[in-house]
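Asks: Below you'll find the structure I mean.
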Amino acid sequence: MAALARKPSGAPAYIELAEKLRSKQGVEAHTGICENVRVEYVRGQDLVAWAQEHPEALERFTKGKSAQDAAREVVELLLRRGLLRRCDHMYKKPPPGKKLAKYPRKLVFFLGPEAGVFAEDSFYSWTYDRPTSPWVYAGAAVAVLGALLVSLFPLAPYSVKVAVLYTSAGLLIAIIGVLVLRAVIAAATWVVAGKTVWVLPNVLADVPLNQLLKPLVEVEASDPSHWGSHPLVRLGVGAALAGVLYVLYAHAPDKGSVAREASKYRDELFDLLNVHKEGYQRLAGNTTEPSAGNTSATAEAAAAEAAGNASADVSGVHSSTSSGKASEADDTQAQSDMPSEEL
């Protein structure tokens, strides 16, 4: 299928209805891949539910009809006008132990006469681009500003550099912590109950940002007939995981070593990113070591002191030589003034 077309021309009333269905107060929509094209789609069940909650929106099109009949008539009208296309799951059967996805990520288009018929258990993808929101331009401007700020990072003040580094490190630790927590909860629930509880199941999925945190928890049931669901297998896996955790705990380094290594890596990261300021002190080894700026200042002071000492030595030599010559001259003058008899 080619790229999605622009909004087709048609009766303004139906275009207005389509925009209302796609608005924030409209039908809940999700994104998926349909024949290598990213589409935005809605469920037939959600269309019927929306028609029941907003009968006034469809009154001008389907007067005196039930919500299901109104939804059927409106959807089939939008199908005929090319605003919607009927879709279905790409994979009709779920994997063993799993349910068919409520909102699949991959779909296929219906072909034939059934493509223009409404069914509550089907999906319907929009065939035209949603009008560009002002937030898109705002996001683009923020992205450009962010790139500019990143390029100016080497020129930023020391406090800004440190704030950016610690904020980034905090976010990274939070992400890793969430992933580890998900894995621990999933493993523990599978070993104990044979069911896997996933916290934030979409956090690693290819979904829009507004769907990353929905749902918060998802329970995945195992196939009882599969050998991996046997209690002895789960017990063995649990014992192996417990053994690994005990070995890691028994050979864990002490707090002092961890603190020293953390300080060392912190210093190396600051050196790599050239995050220094006047009077910067290193943390490695729990001892203060002068930074590059302090080292250069110390070297300059030592060189100045050495030059002063050398100058003083040269002055001393010159003064001693001058005093010696003056003494010889005085002796010669004294000898010339003495009477000849004494000589």
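In the structure tokens, chains take letters A, B, ... by order of appearance, with residues numbered from 1 within each chain and ligands from 1 in the order shown.
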What parts of region 116-178 of chain A does DSSP call alpha helix (DSSP H)? I'd like the answer as a ChimeraX atom specification.

Replies: /A:134-151,158-178

Asks: Please produce a file of those selected residues containing N, CA, C and O atoms, as a short mmCIF file (atom, residue, chain, number, x, y, z; two decimals), in the first residue's frame.

Replies:
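Dumped to again-v6.cif:
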```cif
data_model
loop_
_atom_site.label_atom_id
_atom_site.label_comp_id
_atom_site.auth_asym_id
_atom_site.auth_seq_id
_atom_site.Cartn_x
_atom_site.Cartn_y
_atom_site.Cartn_z
N PRO A 134 -0.63 22.24 16.37
CA PRO A 134 0.41 23.22 16.74
C PRO A 134 1.49 22.63 17.63
O PRO A 134 2.62 23.12 17.65
N TRP A 135 1.14 21.58 18.38
CA TRP A 135 2.15 20.95 19.23
C TRP A 135 3.26 20.30 18.42
O TRP A 135 4.38 20.13 18.93
N VAL A 136 2.97 19.93 17.18
CA VAL A 136 4.02 19.36 16.33
C VAL A 136 5.09 20.40 16.04
O VAL A 136 6.30 20.13 16.13
N TYR A 137 4.65 21.62 15.72
CA TYR A 137 5.62 22.68 15.47
C TYR A 137 6.37 23.05 16.75
O TYR A 137 7.58 23.34 16.72
N ALA A 138 5.65 23.05 17.86
CA ALA A 138 6.31 23.33 19.13
C ALA A 138 7.36 22.26 19.45
O ALA A 138 8.47 22.58 19.91
N GLY A 139 7.02 20.99 19.20
CA GLY A 139 7.99 19.92 19.43
C GLY A 139 9.20 20.04 18.53
O GLY A 139 10.34 19.79 18.96
N ALA A 140 8.98 20.44 17.26
CA ALA A 140 10.11 20.62 16.35
C ALA A 140 11.02 21.75 16.82
O ALA A 140 12.26 21.64 16.77
N ALA A 141 10.42 22.85 17.30
CA ALA A 141 11.22 23.95 17.81
C ALA A 141 12.02 23.54 19.04
O ALA A 141 13.20 23.89 19.18
N VAL A 142 11.40 22.75 19.92
CA VAL A 142 12.11 22.26 21.12
C VAL A 142 13.26 21.34 20.71
O VAL A 142 14.34 21.38 21.32
N ALA A 143 13.05 20.51 19.68
CA ALA A 143 14.12 19.62 19.23
C ALA A 143 15.31 20.41 18.69
O ALA A 143 16.48 20.09 18.98
N VAL A 144 15.02 21.45 17.91
CA VAL A 144 16.11 22.29 17.38
C VAL A 144 16.85 22.99 18.52
O VAL A 144 18.08 23.05 18.55
N LEU A 145 16.09 23.52 19.48
CA LEU A 145 16.71 24.18 20.62
C LEU A 145 17.55 23.20 21.44
O LEU A 145 18.64 23.53 21.91
N GLY A 146 17.04 21.97 21.60
CA GLY A 146 17.81 20.96 22.32
C GLY A 146 19.12 20.62 21.63
O GLY A 146 20.16 20.49 22.28
N ALA A 147 19.09 20.50 20.29
CA ALA A 147 20.33 20.23 19.55
C ALA A 147 21.32 21.37 19.71
O ALA A 147 22.54 21.15 19.85
N LEU A 148 20.81 22.60 19.71
CA LEU A 148 21.70 23.76 19.89
C LEU A 148 22.32 23.76 21.28
O LEU A 148 23.53 24.02 21.44
N LEU A 149 21.52 23.45 22.30
CA LEU A 149 22.05 23.41 23.66
C LEU A 149 23.08 22.30 23.83
O LEU A 149 24.08 22.48 24.55
N VAL A 150 22.86 21.17 23.18
CA VAL A 150 23.84 20.08 23.27
C VAL A 150 25.17 20.49 22.65
O VAL A 150 26.24 20.19 23.17
N SER A 151 25.10 21.18 21.52
CA SER A 151 26.34 21.63 20.88
C SER A 151 27.07 22.67 21.71
O SER A 151 28.30 22.81 21.59
N TYR A 158 30.15 25.41 34.89
CA TYR A 158 30.41 24.16 35.59
C TYR A 158 29.14 23.61 36.24
O TYR A 158 28.86 22.42 36.17
N SER A 159 28.34 24.48 36.88
CA SER A 159 27.14 24.02 37.57
C SER A 159 26.14 23.41 36.59
O SER A 159 25.48 22.42 36.91
N VAL A 160 26.02 23.97 35.39
CA VAL A 160 25.10 23.44 34.39
C VAL A 160 25.57 22.06 33.92
O VAL A 160 24.78 21.13 33.76
N LYS A 161 26.87 21.93 33.67
CA LYS A 161 27.41 20.63 33.25
C LYS A 161 27.14 19.56 34.28
O LYS A 161 26.70 18.45 33.95
N VAL A 162 27.40 19.89 35.54
CA VAL A 162 27.19 18.90 36.61
C VAL A 162 25.71 18.54 36.73
O VAL A 162 25.35 17.37 36.89
N ALA A 163 24.82 19.54 36.61
CA ALA A 163 23.38 19.27 36.70
C ALA A 163 22.92 18.36 35.56
O ALA A 163 22.14 17.43 35.77
N VAL A 164 23.41 18.61 34.34
CA VAL A 164 23.03 17.77 33.20
C VAL A 164 23.54 16.35 33.39
O VAL A 164 22.81 15.37 33.15
N LEU A 165 24.77 16.21 33.86
CA LEU A 165 25.34 14.86 34.05
C LEU A 165 24.57 14.08 35.11
O LEU A 165 24.21 12.91 34.90
N TYR A 166 24.30 14.70 36.23
CA TYR A 166 23.61 13.99 37.30
C TYR A 166 22.15 13.71 36.94
O TYR A 166 21.60 12.67 37.32
N THR A 167 21.51 14.61 36.21
CA THR A 167 20.14 14.35 35.76
C THR A 167 20.10 13.18 34.79
O THR A 167 19.24 12.29 34.89
N SER A 168 21.03 13.15 33.84
CA SER A 168 21.09 12.03 32.89
C SER A 168 21.37 10.72 33.61
O SER A 168 20.76 9.69 33.30
N ALA A 169 22.31 10.76 34.55
CA ALA A 169 22.62 9.54 35.30
C ALA A 169 21.42 9.07 36.11
O ALA A 169 21.14 7.87 36.20
N GLY A 170 20.67 10.02 36.69
CA GLY A 170 19.47 9.64 37.44
C GLY A 170 18.42 8.99 36.57
O GLY A 170 17.80 7.99 36.97
N LEU A 171 18.20 9.54 35.38
CA LEU A 171 17.22 8.94 34.46
C LEU A 171 17.66 7.54 34.04
O LEU A 171 16.84 6.62 33.95
N LEU A 172 18.96 7.38 33.75
CA LEU A 172 19.45 6.07 33.35
C LEU A 172 19.28 5.05 34.47
O LEU A 172 18.86 3.90 34.23
N ILE A 173 19.59 5.46 35.69
CA ILE A 173 19.42 4.54 36.83
C ILE A 173 17.95 4.20 37.03
O ILE A 173 17.60 3.05 37.34
N ALA A 174 17.07 5.17 36.84
CA ALA A 174 15.64 4.91 36.99
C ALA A 174 15.15 3.91 35.94
O ALA A 174 14.37 2.99 36.25
N ILE A 175 15.61 4.06 34.69
CA ILE A 175 15.19 3.13 33.64
C ILE A 175 15.69 1.72 33.93
O ILE A 175 14.94 0.74 33.83
N ILE A 176 16.96 1.62 34.30
CA ILE A 176 17.51 0.30 34.61
C ILE A 176 16.79 -0.30 35.82
O ILE A 176 16.51 -1.51 35.86
N GLY A 177 16.48 0.54 36.81
CA GLY A 177 15.77 0.04 37.98
C GLY A 177 14.39 -0.50 37.64
O GLY A 177 13.98 -1.55 38.15
N VAL A 178 13.68 0.20 36.76
CA VAL A 178 12.35 -0.28 36.34
C VAL A 178 12.46 -1.61 35.60
O VAL A 178 11.67 -2.55 35.84
#
```

Asks: Identify, on the basis of only C-alpha atoms, every residue whose closest approach to Gly32 (chain A) does not exceed 8 Å; exclude the query and any residue fewer than 3 positions from it along the same chain; express the result as a VMD selection string.

Replies: chain A and resid 38 to 41 104 to 107

Asks: Please run DSSP on the backbone and report, as a PDB file with N, CA, C and O atoms, in the first residue's frame, all residues within region 7-245 of chain A that come out as strand (DSSP E or B).

Replies:
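Final file, out-v5.pdb:
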```
ATOM      1  N   HIS A  30      -5.628   3.754  18.304  1.00  0.00           N
ATOM      2  CA  HIS A  30      -4.310   3.179  18.536  1.00  0.00           C
ATOM      3  C   HIS A  30      -3.573   3.115  17.201  1.00  0.00           C
ATOM      4  O   HIS A  30      -4.179   3.202  16.129  1.00  0.00           O
ATOM      5  N   THR A  31      -2.263   2.990  17.278  1.00  0.00           N
ATOM      6  CA  THR A  31      -1.451   2.923  16.073  1.00  0.00           C
ATOM      7  C   THR A  31      -0.952   1.494  15.867  1.00  0.00           C
ATOM      8  O   THR A  31      -0.732   0.753  16.836  1.00  0.00           O
ATOM      9  N   GLY A  32      -0.776   1.131  14.636  1.00  0.00           N
ATOM     10  CA  GLY A  32      -0.272  -0.194  14.279  1.00  0.00           C
ATOM     11  C   GLY A  32       0.340  -0.161  12.893  1.00  0.00           C
ATOM     12  O   GLY A  32       0.365   0.874  12.218  1.00  0.00           O
ATOM     13  N   ILE A  33       0.854  -1.303  12.479  1.00  0.00           N
ATOM     14  CA  ILE A  33       1.458  -1.462  11.157  1.00  0.00           C
ATOM     15  C   ILE A  33       0.536  -2.332  10.323  1.00  0.00           C
ATOM     16  O   ILE A  33       0.255  -3.479  10.675  1.00  0.00           O
ATOM     17  N   CYS A  34       0.069  -1.771   9.216  1.00  0.00           N
ATOM     18  CA  CYS A  34      -0.820  -2.506   8.319  1.00  0.00           C
ATOM     19  C   CYS A  34      -0.173  -2.530   6.937  1.00  0.00           C
ATOM     20  O   CYS A  34      -0.101  -1.480   6.264  1.00  0.00           O
ATOM     21  N   VAL A  37       2.725  -0.087   6.513  1.00  0.00           N
ATOM     22  CA  VAL A  37       2.349   1.322   6.646  1.00  0.00           C
ATOM     23  C   VAL A  37       1.814   1.535   8.059  1.00  0.00           C
ATOM     24  O   VAL A  37       0.972   0.768   8.524  1.00  0.00           O
ATOM     25  N   ARG A  38       2.326   2.569   8.746  1.00  0.00           N
ATOM     26  CA  ARG A  38       1.817   2.885  10.083  1.00  0.00           C
ATOM     27  C   ARG A  38       0.458   3.558   9.937  1.00  0.00           C
ATOM     28  O   ARG A  38       0.320   4.558   9.225  1.00  0.00           O
ATOM     29  N   VAL A  39      -0.527   3.017  10.627  1.00  0.00           N
ATOM     30  CA  VAL A  39      -1.898   3.532  10.535  1.00  0.00           C
ATOM     31  C   VAL A  39      -2.422   3.787  11.936  1.00  0.00           C
ATOM     32  O   VAL A  39      -1.918   3.268  12.934  1.00  0.00           O
ATOM     33  N   GLU A  40      -3.461   4.592  11.992  1.00  0.00           N
ATOM     34  CA  GLU A  40      -4.194   4.855  13.221  1.00  0.00           C
ATOM     35  C   GLU A  40      -5.572   4.211  13.068  1.00  0.00           C
ATOM     36  O   GLU A  40      -6.271   4.488  12.092  1.00  0.00           O
ATOM     37  N   TYR A  41      -5.929   3.355  14.010  1.00  0.00           N
ATOM     38  CA  TYR A  41      -7.160   2.587  13.838  1.00  0.00           C
ATOM     39  C   TYR A  41      -8.000   2.622  15.106  1.00  0.00           C
ATOM     40  O   TYR A  41      -7.521   2.959  16.195  1.00  0.00           O
ATOM     41  N   VAL A  42      -9.277   2.262  14.936  1.00  0.00           N
ATOM     42  CA  VAL A  42     -10.232   2.177  16.041  1.00  0.00           C
ATOM     43  C   VAL A  42     -10.919   0.819  15.975  1.00  0.00           C
ATOM     44  O   VAL A  42     -10.948   0.168  14.924  1.00  0.00           O
ATOM     45  N   ARG A  43     -11.477   0.403  17.099  1.00  0.00           N
ATOM     46  CA  ARG A  43     -12.217  -0.858  17.148  1.00  0.00           C
ATOM     47  C   ARG A  43     -13.695  -0.619  16.865  1.00  0.00           C
ATOM     48  O   ARG A  43     -14.246   0.437  17.201  1.00  0.00           O
ATOM     49  N   LEU A  84     -12.317   5.379   5.839  1.00  0.00           N
ATOM     50  CA  LEU A  84     -11.946   4.247   6.678  1.00  0.00           C
ATOM     51  C   LEU A  84     -11.683   3.024   5.799  1.00  0.00           C
ATOM     52  O   LEU A  84     -12.207   2.925   4.680  1.00  0.00           O
ATOM     53  N   ARG A  85     -10.854   2.112   6.348  1.00  0.00           N
ATOM     54  CA  ARG A  85     -10.664   0.797   5.728  1.00  0.00           C
ATOM     55  C   ARG A  85     -10.726  -0.259   6.809  1.00  0.00           C
ATOM     56  O   ARG A  85     -10.164  -0.079   7.904  1.00  0.00           O
ATOM     57  N   ARG A  86     -11.400  -1.327   6.504  1.00  0.00           N
ATOM     58  CA  ARG A  86     -11.558  -2.401   7.480  1.00  0.00           C
ATOM     59  C   ARG A  86     -10.282  -3.235   7.560  1.00  0.00           C
ATOM     60  O   ARG A  86      -9.676  -3.579   6.538  1.00  0.00           O
ATOM     61  N   CYS A  87      -9.885  -3.559   8.810  1.00  0.00           N
ATOM     62  CA  CYS A  87      -8.675  -4.335   9.042  1.00  0.00           C
ATOM     63  C   CYS A  87      -8.979  -5.496   9.989  1.00  0.00           C
ATOM     64  O   CYS A  87     -10.054  -5.565  10.588  1.00  0.00           O
ATOM     65  N   ASP A  88      -8.003  -6.361  10.113  1.00  0.00           N
ATOM     66  CA  ASP A  88      -8.132  -7.495  11.027  1.00  0.00           C
ATOM     67  C   ASP A  88      -6.751  -7.871  11.531  1.00  0.00           C
ATOM     68  O   ASP A  88      -5.728  -7.394  11.023  1.00  0.00           O
ATOM     69  N   HIS A  89      -6.702  -8.756  12.536  1.00  0.00           N
ATOM     70  CA  HIS A  89      -5.423  -9.243  13.052  1.00  0.00           C
ATOM     71  C   HIS A  89      -4.610  -9.889  11.932  1.00  0.00           C
ATOM     72  O   HIS A  89      -5.156 -10.624  11.098  1.00  0.00           O
ATOM     73  N   LYS A 106       0.108  -5.377  14.510  1.00  0.00           N
ATOM     74  CA  LYS A 106       0.198  -5.672  13.081  1.00  0.00           C
ATOM     75  C   LYS A 106      -1.161  -6.119  12.576  1.00  0.00           C
ATOM     76  O   LYS A 106      -1.809  -6.975  13.199  1.00  0.00           O
ATOM     77  N   LEU A 107      -1.586  -5.511  11.475  1.00  0.00           N
ATOM     78  CA  LEU A 107      -2.897  -5.809  10.922  1.00  0.00           C
ATOM     79  C   LEU A 107      -2.789  -6.051   9.425  1.00  0.00           C
ATOM     80  O   LEU A 107      -1.739  -5.805   8.817  1.00  0.00           O
ATOM     81  N   VAL A 108      -3.901  -6.514   8.855  1.00  0.00           N
ATOM     82  CA  VAL A 108      -4.018  -6.688   7.401  1.00  0.00           C
ATOM     83  C   VAL A 108      -5.364  -6.121   6.974  1.00  0.00           C
ATOM     84  O   VAL A 108      -6.328  -6.091   7.748  1.00  0.00           O
ATOM     85  N   PHE A 109      -5.444  -5.662   5.721  1.00  0.00           N
ATOM     86  CA  PHE A 109      -6.685  -5.114   5.193  1.00  0.00           C
ATOM     87  C   PHE A 109      -7.615  -6.236   4.743  1.00  0.00           C
ATOM     88  O   PHE A 109      -7.169  -7.272   4.233  1.00  0.00           O
ATOM     89  N   PHE A 123     -11.424  -4.000  13.042  1.00  0.00           N
ATOM     90  CA  PHE A 123     -10.748  -2.730  13.256  1.00  0.00           C
ATOM     91  C   PHE A 123     -10.886  -1.892  11.984  1.00  0.00           C
ATOM     92  O   PHE A 123     -11.004  -2.436  10.878  1.00  0.00           O
ATOM     93  N   TYR A 124     -10.818  -0.567  12.176  1.00  0.00           N
ATOM     94  CA  TYR A 124     -11.012   0.339  11.051  1.00  0.00           C
ATOM     95  C   TYR A 124      -9.928   1.414  11.107  1.00  0.00           C
ATOM     96  O   TYR A 124      -9.829   2.157  12.094  1.00  0.00           O
ATOM     97  N   SER A 125      -9.117   1.461  10.068  1.00  0.00           N
ATOM     98  CA  SER A 125      -8.003   2.412  10.024  1.00  0.00           C
ATOM     99  C   SER A 125      -8.395   3.628   9.202  1.00  0.00           C
ATOM    100  O   SER A 125      -9.088   3.522   8.179  1.00  0.00           O
ATOM    101  N   TRP A 126      -7.930   4.774   9.661  1.00  0.00           N
ATOM    102  CA  TRP A 126      -8.164   6.013   8.933  1.00  0.00           C
ATOM    103  C   TRP A 126      -7.215   6.099   7.747  1.00  0.00           C
ATOM    104  O   TRP A 126      -6.044   5.723   7.855  1.00  0.00           O
ATOM    105  N   TYR A 128      -6.591   8.980   5.899  1.00  0.00           N
ATOM    106  CA  TYR A 128      -6.079  10.316   5.599  1.00  0.00           C
ATOM    107  C   TYR A 128      -5.296  10.820   6.804  1.00  0.00           C
ATOM    108  O   TYR A 128      -5.484  10.365   7.934  1.00  0.00           O
ATOM    109  N   LYS A 195       1.977 -17.855  36.619  1.00  0.00           N
ATOM    110  CA  LYS A 195       1.510 -16.757  35.788  1.00  0.00           C
ATOM    111  C   LYS A 195       2.526 -15.627  35.858  1.00  0.00           C
ATOM    112  O   LYS A 195       3.104 -15.374  36.923  1.00  0.00           O
ATOM    113  N   THR A 196       2.714 -14.968  34.749  1.00  0.00           N
ATOM    114  CA  THR A 196       3.707 -13.900  34.684  1.00  0.00           C
ATOM    115  C   THR A 196       3.004 -12.559  34.789  1.00  0.00           C
ATOM    116  O   THR A 196       2.127 -12.244  33.984  1.00  0.00           O
ATOM    117  N   VAL A 197       3.389 -11.788  35.785  1.00  0.00           N
ATOM    118  CA  VAL A 197       2.855 -10.444  35.984  1.00  0.00           C
ATOM    119  C   VAL A 197       3.876  -9.450  35.465  1.00  0.00           C
ATOM    120  O   VAL A 197       4.988  -9.352  35.996  1.00  0.00           O
ATOM    121  N   TRP A 198       3.498  -8.718  34.428  1.00  0.00           N
ATOM    122  CA  TRP A 198       4.384  -7.723  33.834  1.00  0.00           C
ATOM    123  C   TRP A 198       3.962  -6.333  34.299  1.00  0.00           C
ATOM    124  O   TRP A 198       2.825  -5.926  34.119  1.00  0.00           O
ATOM    125  N   VAL A 199       4.896  -5.630  34.910  1.00  0.00           N
ATOM    126  CA  VAL A 199       4.679  -4.225  35.259  1.00  0.00           C
ATOM    127  C   VAL A 199       5.090  -3.369  34.063  1.00  0.00           C
ATOM    128  O   VAL A 199       6.181  -3.541  33.523  1.00  0.00           O
ATOM    129  N   VAL A 217      -0.235  -2.829  34.634  1.00  0.00           N
ATOM    130  CA  VAL A 217       0.057  -4.234  34.957  1.00  0.00           C
ATOM    131  C   VAL A 217      -0.679  -5.113  33.963  1.00  0.00           C
ATOM    132  O   VAL A 217      -1.817  -4.812  33.567  1.00  0.00           O
ATOM    133  N   GLU A 218      -0.018  -6.190  33.556  1.00  0.00           N
ATOM    134  CA  GLU A 218      -0.634  -7.158  32.660  1.00  0.00           C
ATOM    135  C   GLU A 218      -0.273  -8.560  33.131  1.00  0.00           C
ATOM    136  O   GLU A 218       0.902  -8.843  33.436  1.00  0.00           O
ATOM    137  N   VAL A 219      -1.258  -9.425  33.212  1.00  0.00           N
ATOM    138  CA  VAL A 219      -1.045 -10.807  33.655  1.00  0.00           C
ATOM    139  C   VAL A 219      -1.046 -11.713  32.437  1.00  0.00           C
ATOM    140  O   VAL A 219      -1.993 -11.698  31.633  1.00  0.00           O
ATOM    141  N   GLU A 220       0.004 -12.493  32.310  1.00  0.00           N
ATOM    142  CA  GLU A 220       0.150 -13.404  31.178  1.00  0.00           C
ATOM    143  C   GLU A 220       0.079 -14.839  31.704  1.00  0.00           C
ATOM    144  O   GLU A 220       0.949 -15.282  32.474  1.00  0.00           O
ATOM    145  N   ALA A 221      -0.946 -15.543  31.318  1.00  0.00           N
ATOM    146  CA  ALA A 221      -1.143 -16.912  31.789  1.00  0.00           C
ATOM    147  C   ALA A 221      -0.319 -17.887  30.951  1.00  0.00           C
ATOM    148  O   ALA A 221      -0.168 -17.713  29.742  1.00  0.00           O
TER     149      ALA A 221
END
```

Asks: Can you pull out every residue within 9 Å of Pro55 (chain A), counting only C-alpha atoms, but drop anything in the same chain fewer than 3 positions away, and send it as a PyMOL selection string?

Replies: chain A and resi 50-52+58-59+66-67+70

Asks: Please, what distance in Å, to one decimal, runs between CA of Asp223 (chain A) and CA of Lys98 (chain A)?

Replies: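 CA of Lys98 (chain A) lies 7.9 Å from CA of Asp223 (chain A).
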
Asks: Separation of CA of Glu268 (chain A) and CA of Asp254 (chain A), in Å?

Replies: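 Separation of CA of Glu268 (chain A) and CA of Asp254 (chain A): 21.4 Å.
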
Asks: What does the distance from CA of Asn202 (chain A) to CA of Val180 (chain A) come to in Å, to one decimal?

Replies: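 Separation between CA of Asn202 (chain A) and CA of Val180 (chain A): 14.9 Å.
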
Asks: Of the candidates A:Val117, A:Lys93, A:Leu17, A:Pro157, which one gets nearest to Val275 (chain A) if we count only C-alpha atoms?

Replies: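 The answer is A:Pro157, which sits nearest to Val275 (chain A).
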